[in-house]
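The data block below is start.json; it holds JSON, C-alpha atoms.
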[["chain", "number", "residue", "atom", "x", "y", "z"],
["A", 1, "MET", "CA", 31.78, 90.71, 172.60],
["A", 2, "ALA", "CA", 30.55, 87.96, 174.91],
["A", 3, "LEU", "CA", 32.53, 84.97, 176.17],
["A", 4, "TYR", "CA", 31.34, 81.38, 175.72],
["A", 5, "GLU", "CA", 32.45, 77.80, 176.39],
["A", 6, "HIS", "CA", 31.22, 75.41, 173.70],
["A", 7, "VAL", "CA", 31.56, 71.66, 174.36],
["A", 8, "PHE", "CA", 30.55, 69.01, 171.86],
["A", 9, "LEU", "CA", 30.57, 65.21, 171.93],
["A", 10, "ALA", "CA", 31.52, 63.40, 168.73],
["A", 11, "ARG", "CA", 30.69, 59.77, 167.89],
["A", 12, "GLN", "CA", 32.96, 57.10, 169.34],
["A", 13, "ASP", "CA", 33.78, 55.49, 165.98],
["A", 14, "LEU", "CA", 35.49, 58.62, 164.61],
["A", 15, "ALA", "CA", 39.25, 58.79, 164.34],
["A", 16, "GLN", "CA", 41.11, 61.50, 166.24],
["A", 17, "ALA", "CA", 41.89, 63.26, 162.94],
["A", 18, "GLN", "CA", 38.16, 63.48, 162.18],
["A", 19, "VAL", "CA", 37.49, 64.92, 165.65],
["A", 20, "ASP", "CA", 40.22, 67.51, 165.09],
["A", 21, "ALA", "CA", 38.59, 68.36, 161.73],
["A", 22, "LEU", "CA", 35.26, 68.95, 163.54],
["A", 23, "ALA", "CA", 37.02, 71.34, 165.93],
["A", 24, "GLU", "CA", 38.66, 73.14, 162.99],
["A", 25, "THR", "CA", 35.27, 73.45, 161.27],
["A", 26, "ALA", "CA", 33.75, 75.00, 164.38],
["A", 27, "THR", "CA", 36.71, 77.37, 164.66],
["A", 28, "LYS", "CA", 36.32, 78.38, 161.01],
["A", 29, "ILE", "CA", 32.59, 79.10, 161.51],
["A", 30, "VAL", "CA", 33.36, 81.39, 164.45],
["A", 31, "GLU", "CA", 36.25, 83.19, 162.74],
["A", 32, "ASP", "CA", 34.32, 83.71, 159.47],
["A", 33, "LEU", "CA", 31.69, 85.63, 161.43],
["A", 34, "GLN", "CA", 34.23, 87.94, 163.17],
["A", 35, "GLY", "CA", 34.46, 85.88, 166.35],
["A", 36, "LYS", "CA", 37.58, 84.49, 167.97],
["A", 37, "VAL", "CA", 38.37, 81.02, 169.36],
["A", 38, "THR", "CA", 40.88, 81.52, 172.16],
["A", 39, "LYS", "CA", 41.42, 77.89, 173.15],
["A", 40, "VAL", "CA", 40.60, 74.40, 171.84],
["A", 41, "GLU", "CA", 40.92, 71.42, 174.19],
["A", 42, "THR", "CA", 40.42, 67.80, 173.22],
["A", 43, "TRP", "CA", 39.50, 65.82, 176.32],
["A", 44, "GLY", "CA", 39.69, 62.48, 174.52],
["A", 45, "LEU", "CA", 37.43, 59.45, 174.30],
["A", 46, "ARG", "CA", 35.44, 59.15, 177.53],
["A", 47, "SER", "CA", 32.62, 56.92, 178.73],
["A", 48, "LEU", "CA", 29.12, 58.36, 178.80],
["A", 49, "ALA", "CA", 26.80, 58.06, 181.80],
["A", 50, "TYR", "CA", 24.14, 56.56, 179.53],
["A", 51, "LYS", "CA", 23.85, 55.54, 175.89],
["A", 52, "ILE", "CA", 23.28, 58.37, 173.41],
["A", 53, "ALA", "CA", 22.30, 57.31, 169.88],
["A", 54, "LYS", "CA", 23.74, 53.82, 170.47],
["A", 55, "ASN", "CA", 27.09, 55.26, 171.66],
["A", 56, "ARG", "CA", 28.59, 54.27, 175.01],
["A", 57, "LYS", "CA", 31.60, 56.57, 174.59],
["A", 58, "ALA", "CA", 32.25, 59.92, 172.90],
["A", 59, "HIS", "CA", 35.10, 62.23, 171.98],
["A", 60, "TYR", "CA", 34.85, 65.43, 174.08],
["A", 61, "VAL", "CA", 36.06, 68.78, 172.68],
["A", 62, "MET", "CA", 35.83, 72.22, 174.29],
["A", 63, "LEU", "CA", 36.24, 75.61, 172.60],
["A", 64, "ASN", "CA", 36.57, 78.95, 174.37],
["A", 65, "ILE", "CA", 34.88, 81.56, 172.18],
["A", 66, "ASP", "CA", 34.89, 85.37, 172.21],
["A", 67, "ALA", "CA", 32.09, 86.37, 169.85],
["A", 68, "PRO", "CA", 28.68, 88.06, 169.57],
["A", 69, "ALA", "CA", 25.50, 86.02, 170.17],
["A", 70, "GLY", "CA", 24.70, 85.67, 166.46],
["A", 71, "VAL", "CA", 27.95, 83.80, 165.89],
["A", 72, "VAL", "CA", 27.09, 81.29, 168.61],
["A", 73, "ALA", "CA", 23.61, 80.80, 167.15],
["A", 74, "GLU", "CA", 25.15, 79.95, 163.76],
["A", 75, "LEU", "CA", 27.72, 77.63, 165.36],
["A", 76, "GLU", "CA", 24.96, 75.76, 167.19],
["A", 77, "ARG", "CA", 22.89, 75.54, 164.00],
["A", 78, "GLN", "CA", 25.82, 74.03, 162.08],
["A", 79, "THR", "CA", 26.65, 71.69, 164.97],
["A", 80, "GLN", "CA", 23.06, 70.46, 165.13],
["A", 81, "ILE", "CA", 23.13, 69.58, 161.41],
["A", 82, "ASN", "CA", 26.37, 67.57, 161.71],
["A", 83, "GLU", "CA", 25.60, 63.87, 162.17],
["A", 84, "ASP", "CA", 29.01, 63.18, 163.76],
["A", 85, "VAL", "CA", 28.13, 65.35, 166.79],
["A", 86, "ILE", "CA", 25.81, 63.57, 169.23],
["A", 87, "ARG", "CA", 25.51, 66.33, 171.88],
["A", 88, "TYR", "CA", 26.65, 69.92, 172.34],
["A", 89, "MET", "CA", 26.29, 72.67, 174.90],
["A", 90, "THR", "CA", 27.24, 76.34, 174.86],
["A", 91, "VAL", "CA", 27.48, 78.30, 178.10],
["A", 92, "LYS", "CA", 27.98, 82.04, 178.46],
["A", 93, "VAL", "CA", 30.72, 82.79, 181.02],
["A", 94, "ASP", "CA", 31.95, 85.94, 182.75],
["A", 95, "GLU", "CA", 35.60, 85.19, 181.96],
["A", 96, "LEU", "CA", 37.52, 82.49, 180.15],
["A", 97, "GLU", "CA", 39.91, 80.24, 182.05],
["A", 98, "GLY", "CA", 43.57, 80.75, 181.38],
["A", 99, "GLY", "CA", 45.65, 77.59, 181.23],
["A", 100, "PRO", "CA", 44.22, 74.07, 181.26],
["A", 101, "SER", "CA", 40.58, 73.48, 182.19],
["A", 102, "VAL", "CA", 39.48, 71.43, 185.17],
["A", 103, "MET", "CA", 39.07, 68.34, 182.98],
["A", 104, "MET", "CA", 42.72, 68.54, 181.99],
["A", 105, "ARG", "CA", 44.06, 68.85, 185.53],
["A", 106, "LYS", "CA", 43.99, 65.15, 186.45],
["A", 107, "GLN", "CA", 46.30, 65.27, 189.44],
["A", 108, "GLU", "CA", 43.95, 67.60, 191.32],
["A", 109, "ARG", "CA", 40.88, 65.49, 190.54],
["A", 110, "SER", "CA", 42.44, 62.22, 191.65],
["A", 111, "GLU", "CA", 42.48, 63.03, 195.38],
["A", 112, "ARG", "CA", 39.63, 64.58, 197.30],
["A", 113, "GLY", "CA", 40.55, 67.64, 199.31],
["A", 114, "ASP", "CA", 38.73, 66.58, 202.49],
["A", 115, "ARG", "CA", 40.53, 63.23, 202.82],
["A", 116, "GLY", "CA", 44.06, 62.52, 203.84],
["A", 117, "PRO", "CA", 46.55, 60.46, 201.86],
["A", 118, "ARG", "CA", 45.16, 57.17, 203.29],
["A", 119, "GLY", "CA", 41.52, 58.15, 202.80],
["A", 120, "ASP", "CA", 40.96, 58.82, 206.53],
["A", 121, "ARG", "CA", 38.26, 61.19, 207.72],
["A", 122, "GLY", "CA", 40.60, 63.90, 209.02],
["A", 123, "ASP", "CA", 39.41, 65.89, 212.03],
["A", 124, "ARG", "CA", 35.69, 65.19, 211.58],
["A", 125, "GLY", "CA", 35.65, 62.50, 214.27],
["A", 126, "PRO", "CA", 34.15, 59.01, 214.22],
["A", 127, "ARG", "CA", 30.97, 58.16, 212.41],
["A", 128, "GLU", "CA", 27.74, 58.19, 214.33],
["A", 129, "GLY", "CA", 26.77, 54.84, 215.79],
["A", 130, "GLY", "CA", 30.12, 54.11, 217.39],
["A", 131, "SER", "CA", 32.94, 51.95, 216.21],
["A", 132, "ARG", "CA", 32.79, 48.34, 214.98],
["A", 133, "GLU", "CA", 33.86, 47.02, 218.39],
["A", 134, "ASP", "CA", 30.83, 48.66, 220.05],
["A", 135, "ARG", "CA", 28.37, 46.67, 217.94],
["A", 136, "GLY", "CA", 29.40, 43.17, 218.97],
["A", 137, "PRO", "CA", 30.49, 40.20, 216.90],
["A", 138, "ARG", "CA", 29.52, 39.92, 213.24],
["A", 139, "ARG", "CA", 27.53, 36.95, 212.02],
["A", 140, "ASP", "CA", 26.61, 35.70, 208.58],
["A", 141, "ARG", "CA", 23.16, 36.34, 207.16],
["A", 142, "ASP", "CA", 22.21, 32.67, 206.97],
["A", 143, "GLU", "CA", 23.41, 31.86, 210.46],
["A", 144, "ALA", "CA", 20.67, 31.84, 213.06],
["A", 145, "PRO", "CA", 21.28, 33.70, 216.32],
["A", 146, "ALA", "CA", 22.37, 31.57, 219.28],
["A", 147, "GLY", "CA", 19.50, 30.11, 221.28],
["A", 148, "GLU", "CA", 16.96, 29.88, 218.43]]
Any chance you could put this one into structure tokens?
Amino acid sequence: MALYEHVFLARQDLAQAQVDALAETATKIVEDLQGKVTKVETWGLRSLAYKIAKNRKAHYVMLNIDAPAGVVAELERQTQINEDVIRYMTVKVDELEGGPSVMMRKQERSERGDRGPRGDRGDRGPREGGSREDRGPRRDRDEAPAGE
């Protein structure tokens, strides 16, 4: 059987219990067709990059699925019919992640790997164009240069 990650976005006005019920429904669809859901993660209510169907936020849920392609086709068909789901995406993967997904590992996402604890540039050297002292004094936009 093939391995899939299925992520869906539920409307922002749903309660967490309703979102959990959507995840259980998706799990039931997969299991009724001899598939297996190995992990369900609820990522919570998150802001969207742009409005989708008048929603600025959505509940994100991810399911790791081990099932044949026909099962995924039926899951997507049922998801498309459901008016509480505003977007979904299913991706075929080579292997499923063990443990928490990247979205759940907040402490690793909070700091970039190429910056130090103070946000300095590390060993990459100064930016091109020299330092602030090399450019002379700063003046306001509205202030005319001396001598004009």
- Residue nearest Val19 in chain A among A:Met104, A:Leu45, A:Leu75, A:Ala2 (counting only C-alpha atoms):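 Of the candidates, the smallest distance to Val19 in chain A is held by A:Leu45.
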- Residue neighbourhood range 62-71 of chain A, 8 Å, all atoms listed in the file, exclusion window fewer than 6 positions, as a list of chain:residue names: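 Skipping anything fewer than 6 positions along the chain leaves A:Met1, A:Ala2, A:Leu3, A:Tyr4, A:Glu5, A:His6, A:Val7, A:Phe8, A:Ala23, A:Ile29, A:Val30, A:Leu33, A:Gln34, A:Gly35, A:Lys36, A:Val37, A:Thr38, A:Lys39, A:Val40, A:Glu41, A:Thr42, A:Trp43, A:Leu96.
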- Task: For CA of Ala21 in chain A and CA of Glu76 in chain A, quote the distance in Å rounded to one decimal.
- Result: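 Interatomic distance, CA of Ala21 in chain A to CA of Glu76 in chain A: 16.4 Å.
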- Query: From the set A:Val85, A:Asp32, A:Gln80, A:Glu24, which residue has the shortest atom-to-atom contact distance to Gln12 in chain A, counting all atoms listed in the file?
  - Reply: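 Answer, going by the shortest atom-to-atom distance: A:Val85.
Residue nearest Ala58 in chain A, chosen from A:Arg105, A:Lys92, A:Arg87, A:Arg77 and counting all atoms listed in the file: A:Arg87.
The gap separating CA of Asp13 in chain A from CA of Ala53 in chain A is 12.3 Å, in Å to one decimal.
Taking CA of Asn82 in chain A and CA of Asp94 in chain A as endpoints, the distance between them is 28.5 Å.
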